[in-house]
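> Structure file final.cif (mmCIF, C-alpha atoms) right here:
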data_input
#
loop_
_atom_site.label_atom_id
_atom_site.label_comp_id
_atom_site.auth_asym_id
_atom_site.auth_seq_id
_atom_site.Cartn_x
_atom_site.Cartn_y
_atom_site.Cartn_z
CA MET A 1 -204.34 48.13 4.58
CA GLU A 2 -205.84 45.05 2.96
CA LEU A 3 -203.40 42.29 2.05
CA CYS A 4 -204.35 42.42 -1.65
CA LYS A 5 -203.36 46.10 -1.73
CA VAL A 6 -200.11 45.54 0.18
CA ILE A 7 -199.05 42.81 -2.25
CA ALA A 8 -200.11 44.92 -5.25
CA LYS A 9 -197.90 47.79 -4.05
CA ASP A 10 -195.05 45.36 -3.43
CA LEU A 11 -195.22 43.75 -6.88
CA LEU A 12 -195.37 47.13 -8.61
CA LYS A 13 -192.49 48.54 -6.55
CA ILE A 14 -190.07 45.78 -7.59
CA LYS A 15 -191.53 45.54 -11.12
CA ALA A 16 -192.58 41.94 -10.63
CA VAL A 17 -195.74 43.16 -12.34
CA PHE A 18 -194.94 45.82 -14.89
CA PHE A 19 -197.52 47.66 -17.03
CA ARG A 20 -196.71 49.07 -20.45
CA PRO A 21 -200.04 49.69 -22.21
CA ASP A 22 -198.57 51.96 -24.89
CA GLU A 23 -195.77 49.52 -25.80
CA PRO A 24 -197.26 46.06 -25.36
CA PHE A 25 -195.21 42.94 -24.74
CA THR A 26 -195.68 39.93 -27.02
CA TRP A 27 -196.38 36.58 -25.39
CA ALA A 28 -195.06 33.32 -26.85
CA SER A 29 -198.59 32.71 -28.18
CA GLY A 30 -198.33 35.94 -30.19
CA ILE A 31 -200.87 37.77 -28.04
CA LYS A 32 -200.04 41.41 -27.32
CA SER A 33 -200.11 42.12 -23.59
CA PRO A 34 -199.91 45.39 -21.64
CA VAL A 35 -198.49 43.58 -18.63
CA TYR A 36 -195.30 41.70 -17.84
CA CYS A 37 -195.19 39.41 -14.78
CA ASP A 38 -192.16 37.89 -13.09
CA ASN A 39 -193.01 36.98 -9.50
CA ARG A 40 -189.58 35.35 -9.14
CA LEU A 41 -188.38 38.86 -8.37
CA THR A 42 -190.18 38.63 -5.02
CA LEU A 43 -187.48 36.19 -3.91
CA THR A 44 -184.72 38.76 -4.38
CA SER A 45 -186.44 41.43 -2.27
CA PRO A 46 -186.41 40.37 1.41
CA GLU A 47 -189.11 42.88 2.42
CA VAL A 48 -191.50 41.86 -0.36
CA ARG A 49 -190.65 38.18 0.10
CA ASN A 50 -191.61 38.50 3.76
CA ASP A 51 -195.00 40.00 2.85
CA VAL A 52 -195.64 37.32 0.23
CA GLU A 53 -194.67 34.28 2.30
CA ASN A 54 -196.49 35.46 5.41
CA GLY A 55 -199.47 36.29 3.23
CA LEU A 56 -199.46 32.79 1.73
CA ALA A 57 -199.13 31.25 5.21
CA GLU A 58 -202.07 33.26 6.56
CA THR A 59 -204.18 32.46 3.49
CA ILE A 60 -203.50 28.74 3.93
CA LYS A 61 -204.29 28.81 7.66
CA LYS A 62 -207.55 30.66 7.03
CA ASN A 63 -208.83 28.69 4.04
CA TYR A 64 -207.20 25.27 4.38
CA PRO A 65 -206.81 24.59 8.12
CA GLU A 66 -206.70 20.80 7.52
CA VAL A 67 -203.66 20.95 5.20
CA GLU A 68 -200.95 18.35 5.80
CA VAL A 69 -198.53 18.93 2.88
CA LEU A 70 -197.66 21.83 0.56
CA MET A 71 -196.77 21.05 -3.05
CA GLY A 72 -195.11 23.70 -5.22
CA THR A 73 -195.49 23.96 -8.98
CA SER A 74 -192.31 23.55 -10.99
CA THR A 75 -190.39 25.74 -11.01
CA ALA A 76 -191.88 29.02 -9.85
CA GLY A 77 -193.86 27.65 -6.92
CA ILE A 78 -191.08 25.59 -5.35
CA ALA A 79 -189.36 28.32 -3.32
CA HIS A 80 -192.69 29.76 -2.13
CA ALA A 81 -193.89 26.32 -1.03
CA ALA A 82 -190.61 25.75 0.83
CA ILE A 83 -190.60 29.09 2.67
CA THR A 84 -194.32 28.96 3.47
CA GLY A 85 -193.94 25.35 4.60
CA HIS A 86 -191.16 26.47 6.94
CA ILE A 87 -193.37 29.22 8.42
CA LEU A 88 -196.25 26.78 8.97
CA GLY A 89 -194.10 23.86 10.08
CA LEU A 90 -195.44 21.72 7.24
CA PRO A 91 -193.73 19.23 4.91
CA MET A 92 -193.41 20.29 1.28
CA GLY A 93 -192.54 18.86 -2.08
CA TYR A 94 -193.06 19.81 -5.68
CA VAL A 95 -194.47 18.47 -8.92
CA ARG A 96 -192.30 18.34 -12.01
CA SER A 97 -193.71 19.37 -15.40
CA GLY A 98 -192.94 15.78 -16.50
CA ALA A 99 -191.54 12.61 -14.97
CA LYS A 100 -187.74 12.28 -14.73
CA ASP A 101 -186.17 10.07 -17.37
CA HIS A 102 -183.67 8.61 -14.88
CA GLY A 103 -183.46 7.30 -11.33
CA ARG A 104 -186.88 6.58 -9.86
CA GLN A 105 -188.55 8.58 -12.66
CA ASN A 106 -190.48 10.66 -10.15
CA GLN A 107 -192.84 13.42 -11.16
CA ILE A 108 -193.75 14.21 -7.56
CA GLU A 109 -190.70 15.08 -5.48
CA GLY A 110 -190.98 14.71 -1.73
CA LYS A 111 -192.87 12.26 0.46
CA LEU A 112 -196.61 12.06 -0.26
CA GLU A 113 -198.91 9.45 1.25
CA LYS A 114 -202.25 8.49 -0.33
CA GLY A 115 -205.09 10.42 1.24
CA GLN A 116 -202.93 13.28 2.52
CA LYS A 117 -204.52 16.71 2.35
CA VAL A 118 -202.50 18.89 -0.02
CA VAL A 119 -202.45 22.58 -0.95
CA VAL A 120 -200.75 23.54 -4.23
CA VAL A 121 -198.56 26.66 -4.16
CA GLU A 122 -198.33 28.61 -7.44
CA ASP A 123 -196.89 32.03 -8.23
CA LEU A 124 -199.18 33.16 -11.08
CA ILE A 125 -202.44 31.98 -12.62
CA SER A 126 -203.52 33.13 -16.08
CA THR A 127 -205.41 30.47 -18.06
CA GLY A 128 -204.92 27.90 -15.28
CA GLY A 129 -203.63 25.10 -17.49
CA SER A 130 -200.30 24.37 -15.79
CA VAL A 131 -201.59 24.44 -12.21
CA ILE A 132 -204.50 22.15 -13.08
CA GLU A 133 -202.01 19.65 -14.54
CA VAL A 134 -200.27 19.66 -11.16
CA VAL A 135 -203.60 19.13 -9.35
CA ASN A 136 -204.38 16.18 -11.64
CA VAL A 137 -200.97 14.56 -11.06
CA LEU A 138 -201.46 14.82 -7.30
CA ARG A 139 -204.97 13.43 -7.47
CA GLU A 140 -203.78 10.50 -9.58
CA ALA A 141 -201.21 9.80 -6.86
CA GLY A 142 -204.03 9.58 -4.31
CA ALA A 143 -203.69 13.02 -2.71
CA ASP A 144 -206.72 14.91 -1.40
CA VAL A 145 -206.12 18.30 -3.04
CA LEU A 146 -207.83 20.92 -0.88
CA GLY A 147 -207.05 23.74 -3.32
CA ILE A 148 -204.50 26.25 -4.56
CA VAL A 149 -202.85 29.39 -3.20
CA SER A 150 -201.11 31.82 -5.54
CA ILE A 151 -199.50 35.23 -5.41
CA PHE A 152 -201.33 36.77 -8.36
CA THR A 153 -204.18 35.89 -10.69
CA TYR A 154 -205.34 37.61 -13.86
CA GLY A 155 -208.93 36.50 -13.28
CA MET A 156 -209.24 35.56 -16.97
CA LYS A 157 -212.50 33.82 -17.87
CA LYS A 158 -210.63 30.86 -19.34
CA GLY A 159 -208.75 30.34 -16.08
CA ILE A 160 -211.88 30.71 -13.93
CA ASP A 161 -213.78 28.24 -16.11
CA ARG A 162 -210.92 25.72 -16.09
CA LEU A 163 -210.60 25.81 -12.30
CA ALA A 164 -214.35 25.34 -11.93
CA GLU A 165 -214.32 22.43 -14.39
CA ALA A 166 -211.46 20.81 -12.44
CA GLU A 167 -213.43 21.38 -9.22
CA VAL A 168 -210.55 23.14 -7.51
CA VAL A 169 -210.54 26.50 -5.74
CA ASN A 170 -207.77 29.11 -5.80
CA TYR A 171 -207.04 31.90 -3.34
CA SER A 172 -204.67 34.60 -4.62
CA LEU A 173 -202.94 37.25 -2.53
CA THR A 174 -203.84 39.87 -5.13
CA ASN A 175 -205.36 40.11 -8.59
CA PHE A 176 -205.22 41.98 -11.89
CA ASP A 177 -207.97 44.47 -11.02
CA VAL A 178 -206.40 45.50 -7.72
CA ILE A 179 -202.95 45.86 -9.27
CA ALA A 180 -204.30 47.92 -12.19
CA GLU A 181 -206.15 50.27 -9.83
CA THR A 182 -203.11 50.56 -7.55
CA ALA A 183 -200.83 51.25 -10.54
CA ALA A 184 -203.07 54.17 -11.51
CA GLU A 185 -203.19 55.52 -7.93
CA GLU A 186 -199.41 55.29 -7.60
CA GLY A 187 -198.73 56.96 -10.95
CA TYR A 188 -197.27 53.94 -12.79
CA ILE A 189 -199.97 54.30 -15.45
CA LYS A 190 -202.60 56.92 -16.37
CA PRO A 191 -206.02 56.51 -14.68
CA GLU A 192 -207.67 56.15 -18.09
CA ASP A 193 -205.44 53.15 -18.82
CA VAL A 194 -207.26 51.00 -16.24
CA ASP A 195 -210.20 50.41 -18.59
CA ARG A 196 -207.78 49.38 -21.35
CA LEU A 197 -206.12 46.88 -19.04
CA ILE A 198 -209.44 45.37 -17.95
CA LYS A 199 -210.48 45.16 -21.62
CA PHE A 200 -207.32 43.13 -22.31
CA ARG A 201 -207.96 40.86 -19.32
CA ASN A 202 -211.55 40.21 -20.40
CA ASN A 203 -210.51 39.19 -23.92
CA PRO A 204 -206.75 38.88 -24.53
CA SER A 205 -207.23 38.07 -28.23
CA ASP A 206 -209.04 41.39 -28.85
CA GLU A 207 -206.34 44.00 -29.47
CA SER A 208 -208.69 47.00 -29.78
CA TRP A 209 -207.34 48.36 -26.47
CA ILE A 210 -203.97 49.05 -28.13
CA GLY A 211 -203.59 52.70 -29.08
CA GLU A 212 -206.57 53.89 -27.03
CA ASN A 213 -206.10 57.03 -24.92
CA LYS A 214 -202.69 57.83 -26.41
#
Would you give me this structure, written as structure tokens?

Amino acid sequence: MELCKVIAKDLLKIKAVFFRPDEPFTWASGIKSPVYCDNRLTLTSPEVRNDVENGLAETIKKNYPEVEVLMGTSTAGIAHAAITGHILGLPMGYVRSGAKDHGRQNQIEGKLEKGQKVVVVEDLISTGGSVIEVVNVLREAGADVLGIVSIFTYGMKKGIDRLAEAEVVNYSLTNFDVIAETAAEEGYIKPEDVDRLIKFRNNPSDESWIGENK
């Protein structure tokens, strides 16, 4: 079975990705969403955690063979960067959302030399804003950012465009389309709901998918 399918099944099984198209969730931005994501739940399921961390390690080895340091995003990417770093025998650190207001006032935690080849570890990419901030902080510190690995991506146009503009590539273990299709196959949602979910992904501000196929 393809890795993207294995991870999709895993995330659905532990409700790290949870679909509710008939009773949408409301994001902080006010947007109605048919999906809820909490990839932190992968850490509390040893079997799923094993699949995820080994998947991240294999993805890094395949796509970024020159990597020297892993840097997790704060806070969700830290544990994944640490475990994957352990598997690969690589140093890791993480990037804070802002510099500390005490001590050495670090924003980058962990040893990072100028010119080192870095891969950023993130759990989830939607519009891409937060992970690109991390990439920029690392670049400003002199790191050679090879790219990003993540567990799950929505594949939203805004996120794809932002990553392209920042000239950084992302490899995700699975994506919104695969998870939606797998959810229908496994009976978590109705097959006709897949089109509604893709409609949301393509334009989150258009709420015309709500109420369809009820």
> Between A:Pro34, A:Gly77, A:Gly147, A:Gly128, which one has atoms that come closest to Arg20 of chain A, using all atoms listed in the file?
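Counting all atoms listed in the file, the residue closest to Arg20 of chain A is A:Pro34.
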> With distances taken over only C-alpha atoms, which residue among A:Val35, A:Val48, A:Cys4, A:Leu146 lies nearest Val119 of chain A?
A:Leu146
> Could you name the residues that touch segment 205-212 of chain A at 8 Å or less, counting all atoms listed in the file, but leaving out those on the same chain fewer than 4 positions away, as an mmCIF file with C-alpha atoms, in the coordinates of the input?

data_model
loop_
_atom_site.group_PDB
_atom_site.id
_atom_site.type_symbol
_atom_site.label_atom_id
_atom_site.label_comp_id
_atom_site.auth_asym_id
_atom_site.auth_seq_id
_atom_site.Cartn_x
_atom_site.Cartn_y
_atom_site.Cartn_z
ATOM 1 C CA PRO A 21 -200.040 49.690 -22.210
ATOM 2 C CA ASP A 22 -198.570 51.960 -24.890
ATOM 3 C CA PRO A 24 -197.260 46.060 -25.360
ATOM 4 C CA ILE A 31 -200.870 37.770 -28.040
ATOM 5 C CA LYS A 32 -200.040 41.410 -27.320
ATOM 6 C CA ARG A 196 -207.780 49.380 -21.350
ATOM 7 C CA LEU A 197 -206.120 46.880 -19.040
ATOM 8 C CA LYS A 199 -210.480 45.160 -21.620
ATOM 9 C CA PHE A 200 -207.320 43.130 -22.310
#
> One number please: atom CA of Asn170 of chain A to atom CA of Ser150 of chain A, in Å, one decimal.
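These atoms are spaced 7.2 Å apart.
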> If the PyMOL selection byres ((chain A and resi 164-167) around 10) were run on this exact file, what residues would it hold? Put them as a list of chain:residue names.
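That expression, the PyMOL selection byres ((chain A and resi 164-167) around 10), corresponds here to A:Ile132, A:Glu133, A:Val135, A:Asn136, A:Gly147, A:Lys158, A:Gly159, A:Ile160, A:Asp161, A:Arg162, A:Leu163, A:Val168, A:Val169, A:Asn170.
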> Interatomic distance between atom CA of Gly85 of chain A and atom CA of Val69 of chain A?
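We find that atom CA of Gly85 of chain A and atom CA of Val69 of chain A lie 8.1 Å from each other.
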> From the options A:Ser97, A:Asn54, A:Thr44, A:Ser33, which residue's atoms come nearest to Gly72 of chain A, counting all atoms listed in the file?
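Using all atoms listed in the file, the shortest distance to Gly72 of chain A belongs to A:Ser97.
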> What lies within 10 Å of Ala76 of chain A using all atoms listed in the file, ignoring chain neighbours under 5 positions off, as a PDB file with C-alpha atoms, keeping the file's coordinate frame?

ATOM      1  CA  ASP A  38    -192.160  37.890 -13.090  1.00  0.00           C
ATOM      2  CA  ASN A  39    -193.010  36.980  -9.500  1.00  0.00           C
ATOM      3  CA  ARG A  40    -189.580  35.350  -9.140  1.00  0.00           C
ATOM      4  CA  ALA A  81    -193.890  26.320  -1.030  1.00  0.00           C
ATOM      5  CA  VAL A 121    -198.560  26.660  -4.160  1.00  0.00           C
ATOM      6  CA  GLU A 122    -198.330  28.610  -7.440  1.00  0.00           C
ATOM      7  CA  ASP A 123    -196.890  32.030  -8.230  1.00  0.00           C
ATOM      8  CA  LEU A 124    -199.180  33.160 -11.080  1.00  0.00           C
TER       9      LEU A 124
END
> In Å to one decimal, how far is atom CA of Val95 of chain A from atom CA of Ser126 of chain A?
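Between these atoms lies a distance of 18.7 Å.
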> Regenerate segment 136-160 of chain A at the level of N, CA and C atoms and dump it as a PDB file, in the coordinates of the input.

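Everything below was put into result.pdb:
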ATOM      1  N   ASN A 136    -204.017  17.501 -11.107  1.00  0.00           N
ATOM      2  CA  ASN A 136    -204.380  16.180 -11.640  1.00  0.00           C
ATOM      3  C   ASN A 136    -203.331  15.119 -11.305  1.00  0.00           C
ATOM      4  N   VAL A 137    -202.049  15.496 -11.401  1.00  0.00           N
ATOM      5  CA  VAL A 137    -200.970  14.560 -11.060  1.00  0.00           C
ATOM      6  C   VAL A 137    -201.081  14.144  -9.595  1.00  0.00           C
ATOM      7  N   LEU A 138    -201.348  15.108  -8.731  1.00  0.00           N
ATOM      8  CA  LEU A 138    -201.460  14.820  -7.300  1.00  0.00           C
ATOM      9  C   LEU A 138    -202.683  13.947  -7.002  1.00  0.00           C
ATOM     10  N   ARG A 139    -203.771  14.241  -7.672  1.00  0.00           N
ATOM     11  CA  ARG A 139    -204.970  13.430  -7.470  1.00  0.00           C
ATOM     12  C   ARG A 139    -204.755  11.993  -7.933  1.00  0.00           C
ATOM     13  N   GLU A 140    -204.068  11.849  -9.057  1.00  0.00           N
ATOM     14  CA  GLU A 140    -203.780  10.500  -9.580  1.00  0.00           C
ATOM     15  C   GLU A 140    -202.893   9.713  -8.617  1.00  0.00           C
ATOM     16  N   ALA A 141    -202.081  10.442  -7.841  1.00  0.00           N
ATOM     17  CA  ALA A 141    -201.210   9.800  -6.860  1.00  0.00           C
ATOM     18  C   ALA A 141    -201.946   9.504  -5.550  1.00  0.00           C
ATOM     19  N   GLY A 142    -203.217   9.877  -5.489  1.00  0.00           N
ATOM     20  CA  GLY A 142    -204.030   9.580  -4.310  1.00  0.00           C
ATOM     21  C   GLY A 142    -204.138  10.704  -3.302  1.00  0.00           C
ATOM     22  N   ALA A 143    -203.617  11.895  -3.630  1.00  0.00           N
ATOM     23  CA  ALA A 143    -203.690  13.020  -2.710  1.00  0.00           C
ATOM     24  C   ALA A 143    -205.105  13.606  -2.677  1.00  0.00           C
ATOM     25  N   ASP A 144    -205.474  14.160  -1.537  1.00  0.00           N
ATOM     26  CA  ASP A 144    -206.720  14.910  -1.400  1.00  0.00           C
ATOM     27  C   ASP A 144    -206.354  16.386  -1.554  1.00  0.00           C
ATOM     28  N   VAL A 145    -206.516  16.911  -2.767  1.00  0.00           N
ATOM     29  CA  VAL A 145    -206.120  18.300  -3.040  1.00  0.00           C
ATOM     30  C   VAL A 145    -207.195  19.250  -2.532  1.00  0.00           C
ATOM     31  N   LEU A 146    -206.864  19.984  -1.475  1.00  0.00           N
ATOM     32  CA  LEU A 146    -207.830  20.920  -0.880  1.00  0.00           C
ATOM     33  C   LEU A 146    -208.030  22.146  -1.766  1.00  0.00           C
ATOM     34  N   GLY A 147    -206.954  22.561  -2.463  1.00  0.00           N
ATOM     35  CA  GLY A 147    -207.050  23.740  -3.320  1.00  0.00           C
ATOM     36  C   GLY A 147    -205.681  24.324  -3.619  1.00  0.00           C
ATOM     37  N   ILE A 148    -205.703  25.555  -4.100  1.00  0.00           N
ATOM     38  CA  ILE A 148    -204.500  26.250  -4.560  1.00  0.00           C
ATOM     39  C   ILE A 148    -204.367  27.585  -3.824  1.00  0.00           C
ATOM     40  N   VAL A 149    -203.122  27.995  -3.577  1.00  0.00           N
ATOM     41  CA  VAL A 149    -202.850  29.390  -3.200  1.00  0.00           C
ATOM     42  C   VAL A 149    -201.862  29.934  -4.228  1.00  0.00           C
ATOM     43  N   SER A 150    -202.016  31.204  -4.565  1.00  0.00           N
ATOM     44  CA  SER A 150    -201.110  31.820  -5.540  1.00  0.00           C
ATOM     45  C   SER A 150    -200.868  33.273  -5.147  1.00  0.00           C
ATOM     46  N   ILE A 151    -199.822  33.836  -5.714  1.00  0.00           N
ATOM     47  CA  ILE A 151    -199.500  35.230  -5.410  1.00  0.00           C
ATOM     48  C   ILE A 151    -200.405  36.175  -6.185  1.00  0.00           C
ATOM     49  N   PHE A 152    -200.632  35.847  -7.460  1.00  0.00           N
ATOM     50  CA  PHE A 152    -201.330  36.770  -8.360  1.00  0.00           C
ATOM     51  C   PHE A 152    -202.166  36.001  -9.362  1.00  0.00           C
ATOM     52  N   THR A 153    -203.367  36.482  -9.640  1.00  0.00           N
ATOM     53  CA  THR A 153    -204.180  35.890 -10.690  1.00  0.00           C
ATOM     54  C   THR A 153    -204.700  36.992 -11.612  1.00  0.00           C
ATOM     55  N   TYR A 154    -204.758  36.675 -12.896  1.00  0.00           N
ATOM     56  CA  TYR A 154    -205.340  37.610 -13.860  1.00  0.00           C
ATOM     57  C   TYR A 154    -206.858  37.671 -13.725  1.00  0.00           C
ATOM     58  N   GLY A 155    -207.469  36.558 -13.313  1.00  0.00           N
ATOM     59  CA  GLY A 155    -208.930  36.500 -13.280  1.00  0.00           C
ATOM     60  C   GLY A 155    -209.522  36.353 -14.670  1.00  0.00           C
ATOM     61  N   MET A 156    -208.735  35.773 -15.603  1.00  0.00           N
ATOM     62  CA  MET A 156    -209.240  35.560 -16.970  1.00  0.00           C
ATOM     63  C   MET A 156    -210.349  34.518 -16.961  1.00  0.00           C
ATOM     64  N   LYS A 157    -211.350  34.728 -17.816  1.00  0.00           N
ATOM     65  CA  LYS A 157    -212.500  33.820 -17.870  1.00  0.00           C
ATOM     66  C   LYS A 157    -212.056  32.378 -18.119  1.00  0.00           C
ATOM     67  N   LYS A 158    -211.091  32.209 -19.022  1.00  0.00           N
ATOM     68  CA  LYS A 158    -210.630  30.860 -19.340  1.00  0.00           C
ATOM     69  C   LYS A 158    -210.077  30.172 -18.099  1.00  0.00           C
ATOM     70  N   GLY A 159    -209.312  30.902 -17.295  1.00  0.00           N
ATOM     71  CA  GLY A 159    -208.750  30.340 -16.080  1.00  0.00           C
ATOM     72  C   GLY A 159    -209.825  30.009 -15.056  1.00  0.00           C
ATOM     73  N   ILE A 160    -210.782  30.929 -14.875  1.00  0.00           N
ATOM     74  CA  ILE A 160    -211.880  30.710 -13.930  1.00  0.00           C
ATOM     75  C   ILE A 160    -212.693  29.483 -14.331  1.00  0.00           C
TER      76      ILE A 160
END
